[in-house]
Every structure is written in C-alpha cells, then in structure tokens.
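K.L.:
Once you've had a glance at the structure underneath, I'll fire off some questions.
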Amino acid sequence: MILAIDIVLLVLLAVVGIAIIRLRNLFAVVMLSGIYSLLMACIFVLLDAVDVAFTEAAVGAGISTVLMLGVLALTKNREKIPVTTPLLPLVTVLVTGGLLIYGTWDLPAFGDPNAPIHLHVAPAYLAEGEHETGAPNIVTAVLASYRGYDTLGEVTVIFTAGIGVLLLLSGGLGRRRRDPDEPNSGGGGAS
Amino acid sequence: MKHHLIPRVIAKLTIPGILLFALYVQFHGDYGPGGGFQAGVIFGAGFILYGLVFGLENLRKVAPPQIVTAFIAVGVLLYGGVGVVSQILGANYLDYDVLSAVDHDGQHLGILLVELGVGITVAAVMMTIFMTFAGRLR
C-alpha cells in the first residue's frame, strides 16, 4: 500500500517537474512549484519525517508561492524564448546529475540501521532524550536542547536574511519613516 | 482584491484559525510535530493572507512595520538571552537545567523560551519580507 502511494507521488512529482520545465507561463510555473512542494511534503510524511513535512508545506507551498507571486507582479508573466541552444546547460546538468548518482553508490542503503549516522550520537539521544529533557518529541529535544547552538545559528541566519531584504528592498530604513502616514481612522482591522 | 466578496469572507473565517493553530504548533512543539520555525511561518502566513485580501495599508495598521522590524531582533535576543541567563546561573551557555531546581522543569522552560524566540524571529522576518516586496508594487 505504502509502495503504491510512493509510486503515485513520485510519478506526480516527475510530471509536475517536467511541466515546470516545459511551460512558459510563469504564473502556472509558480502554482506548479507550490504543488511540487505539497507533493514533497506528502513524501516526507511517508518517510515519517513529519516535522520536515510540516516545514515544507508551510514554507515551500505557502510562503514561497506568495513571494513568487509578489515577484511576478513586478515582472512579465511569460518567460522569454531563449535565443541560444541550451546545449551547454544540458551537458552541465547531465554531468552533474551523473556525478550525483555516482555518489549515491557509496551511500548506505536507505533505512540501514548500521549506517554510520545511526551509530554515532543518535542512539544516545533516542535512549536518553525523553529522560534528560522531558520532551516526548525527540526532534524538538535535539533541535532546542542538544543542538541549541546550531539552532541559535539558524535563527541568526534568518535574522540576517530578514535584515538584508529590508535594507535592499526598502532603500534603507530612513526613507520609510519619512513616508507621510495617511490619516487613519483608528483600528479598522476588520472593516 | 477589495471587491471580491468570497476571498474576504473566507479570509475572515480562516485567519483566526490559522493564528490559533500557529500558537498550538508553537507551544505544543515538545509533544507533537512542530516548533518555532513552523509556528512562525504559519503565524506570518496568517498576517500575509490578511495583507493579500485586505490590502497592504490595512496590514500596516494591524502590524506596523517598525514594530515588526523590532521583533526580528527580539526573537534572537530572547534566544541568546536564555543562554546568558543560564550562564549567569553558573552553567554552560544554553544549558537549561539550571533554570529550575525541579527535574525537567528547567529543560521545559528553556525549550519553550528558545522556541518562542525562534517563532518570533521567523514570523517577523516572513511578514517583513512580504511587506517590503508588496510595498515595491506601488
């Protein structure tokens, strides 16, 4: 049963991917990439990675789609037909893809309990996590407690990204302050 | 989208649910899937939906850009502050055990505050990115 769902999802993923390459209408491409993220989220659920699926659905299918639509409003919504033949990009993609597939030959088999990553600190976290942190969700225990430094780093990255976007797109903080605020009639939240 | 009745009604119905779900994901992260990153994104998405349907001006009234920008830093400071507090109490940076004498309470409190910091920063960054992008359209 799981195998059948896996196959259906992967086939849909391939179909959406090919459609994204073939289509020239960028609005449709943005919508399809949202669908691609949603399909990926479903696959993550099948892989028992619910936290990752959650993030993929919220960020990939939700926020990214909205931001891409925002960008689309600033440009035309049809992709230009390229004037040169895409031979060099095709060769580059094929070589890179071939190297990546070659690299997977050295990876341990999927779900192999003897893979190095499952033998280092993971058993200790799984055995001691709930006892040491009191958090039943081991992902949260690792993320916030055992790996607190890494998560602090991630938050700092998001912080930096937000500040960077703010500085680049709003033309500095000073200009926004000088914008004359139109007289508001107070509240107006649910009008 | 000011003249479209159906999106407005649907948005009004769903936004409270989205925000409530974000808070659930935020504070239930210890026990179920989710945590600060996901909750922040969902919380920000609720406000972005409001901005999409009711316009950027109304969103700026609900969430003034100056305050949202400040909250980007508040989240990181809250996260780092938990580490400083644990250091002042005599333990390593971000060691939550010293935050409370009772078993596990310190870990619970530390994880809660740290995840809250993550959520605040992520939500504020998402809203800021949307508002600056949408602000360019005019």
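Ordering of the structure tokens sets the chain letters (A, B, ...), residue numbers begin anew at 1 in every chain, and ligands are numbered from 1 in the order given.
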Please identify every residue of chain B that has at least one atom no farther than 8 Å from an atom of chain A, counting only C-alpha atoms, and for each give the shortest atom pair and the distance in Å to one decimal, arranged by chain then increasing number, as CSV.
P.N.:
residue,atom,partner,partner_atom,distance
B:Gly29,CA,A:Thr140,CA,6.6
B:Asp30,CA,A:Ala135,CA,5.0
B:Tyr31,CA,A:Asn137,CA,5.1
B:Gly32,CA,A:Asn137,CA,5.8
B:Pro33,CA,A:Asp51,CA,5.2
B:Gly34,CA,A:Asp51,CA,5.6
B:Gly35,CA,A:Thr140,CA,7.0
B:Phe37,CA,A:Thr55,CA,7.5
B:Gln38,CA,A:Thr55,CA,5.5
B:Val41,CA,A:Ala58,CA,6.4
B:Ile42,CA,A:Ala58,CA,6.5
B:Ala45,CA,A:Ile63,CA,6.7
B:Asn58,CA,A:Gly189,CA,6.7
B:Lys61,CA,A:Gly187,CA,7.1
B:Val62,CA,A:Gly189,CA,6.2
B:Ile72,CA,A:Phe159,CA,6.2
B:Ala73,CA,A:Phe159,CA,7.1
B:Val76,CA,A:Val155,CA,6.5
B:Tyr79,CA,A:Leu152,CA,6.9
B:Gly80,CA,A:Leu152,CA,7.4
B:Leu94,CA,A:Gly148,CA,6.6
B:Asp95,CA,A:Ser145,CA,7.7
B:Tyr96,CA,A:Ser145,CA,7.7
B:His104,CA,A:Gly134,CA,5.5
B:Gln107,CA,A:Thr133,CA,5.5
B:His108,CA,A:Gly134,CA,7.0
B:Ile111,CA,A:Ala144,CA,5.7
B:Val114,CA,A:Ala144,CA,6.9
B:Glu115,CA,A:Ala144,CA,7.1
B:Val118,CA,A:Val155,CA,6.1
B:Thr121,CA,A:Phe159,CA,6.7
B:Val122,CA,A:Ile158,CA,6.9
B:Val125,CA,A:Gly162,CA,5.0
B:Met126,CA,A:Gly162,CA,7.7
B:Thr128,CA,A:Gly162,CA,7.0
B:Ile129,CA,A:Val165,CA,6.5
B:Phe130,CA,A:Leu67,CA,6.7
B:Thr132,CA,A:Ser170,CA,6.0
B:Phe133,CA,A:Gly70,CA,6.4
B:Ala134,CA,A:Gly70,CA,6.4
B:Arg136,CA,A:Leu169,CA,7.6
B:Leu137,CA,A:Leu74,CA,6.5
K.L.:
What residues in region 4-119 of chain A get the DSSP label helix (DSSP H, G or I)? Please answer as number ranges by chain.
P.N.:
A: 4-22, 26-46, 50-74, 87-104, 116-118
K.L.:
Do you know which residues are at most 10 Å from Leu23 (chain B) counting only C-alpha atoms, after dropping those on the same chain fewer than 5 positions away, and could you put them as a count of residues only?
P.N.:
12
K.L.:
Could you please determine the separation between CA of Thr69 (chain B) and CA of Ala124 (chain B) in Å, to one decimal place?
P.N.:
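Result for CA of Thr69 (chain B) versus CA of Ala124 (chain B): 6.7 Å, one decimal.
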K.L.:
Pick the closest to Leu46 (chain A) from A:Val83, A:Ala109, A:Val93, A:Ile2: which is it, counting only C-alpha atoms?
P.N.:
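Closest residue, counting only C-alpha atoms: A:Ile2.
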K.L.:
Could you jot down the CA of Ser64 (chain A) to CA of Leu5 (chain B) separation for me, Å, one decimal place?
P.N.:
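Pair CA of Ser64 (chain A) / CA of Leu5 (chain B) returns 25.3 Å.
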K.L.:
Mind pulling up the distance from CA of Lys12 (chain B) to CA of Ile48 (chain B)?
P.N.:
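We find that CA of Ile48 (chain B) and CA of Lys12 (chain B) lie 12.7 Å from each other.
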K.L.:
Go through A:Leu47, A:Val157, A:Ala124, A:Leu72 and flag the residue nearest Leu3 (chain A), using only C-alpha atoms for the distances.
P.N.:
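So, comparing all the options, the nearest one is A:Leu47.
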K.L.:
Out of A:Glu128, A:Tyr36, A:Val95, A:Val30, which residue has the shortest atom-to-atom distance to Gly17 (chain A) when counting only C-alpha atoms?
P.N.:
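Using only C-alpha atoms, the shortest distance to Gly17 (chain A) belongs to A:Tyr36.
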K.L.:
May I have the residues within 10 Å of Ile5 (chain A) as number ranges by chain, using only C-alpha atoms and disregarding those fewer than 3 positions away in the same chain?
P.N.:
A: 1-2, 8-11, 42-43, 46
K.L.:
Ranking B:Leu112, B:Leu20, B:Met131, B:Val82 by minimum distance to Val68 (chain B) and counting only C-alpha atoms, which one comes first?
P.N.:
B:Met131
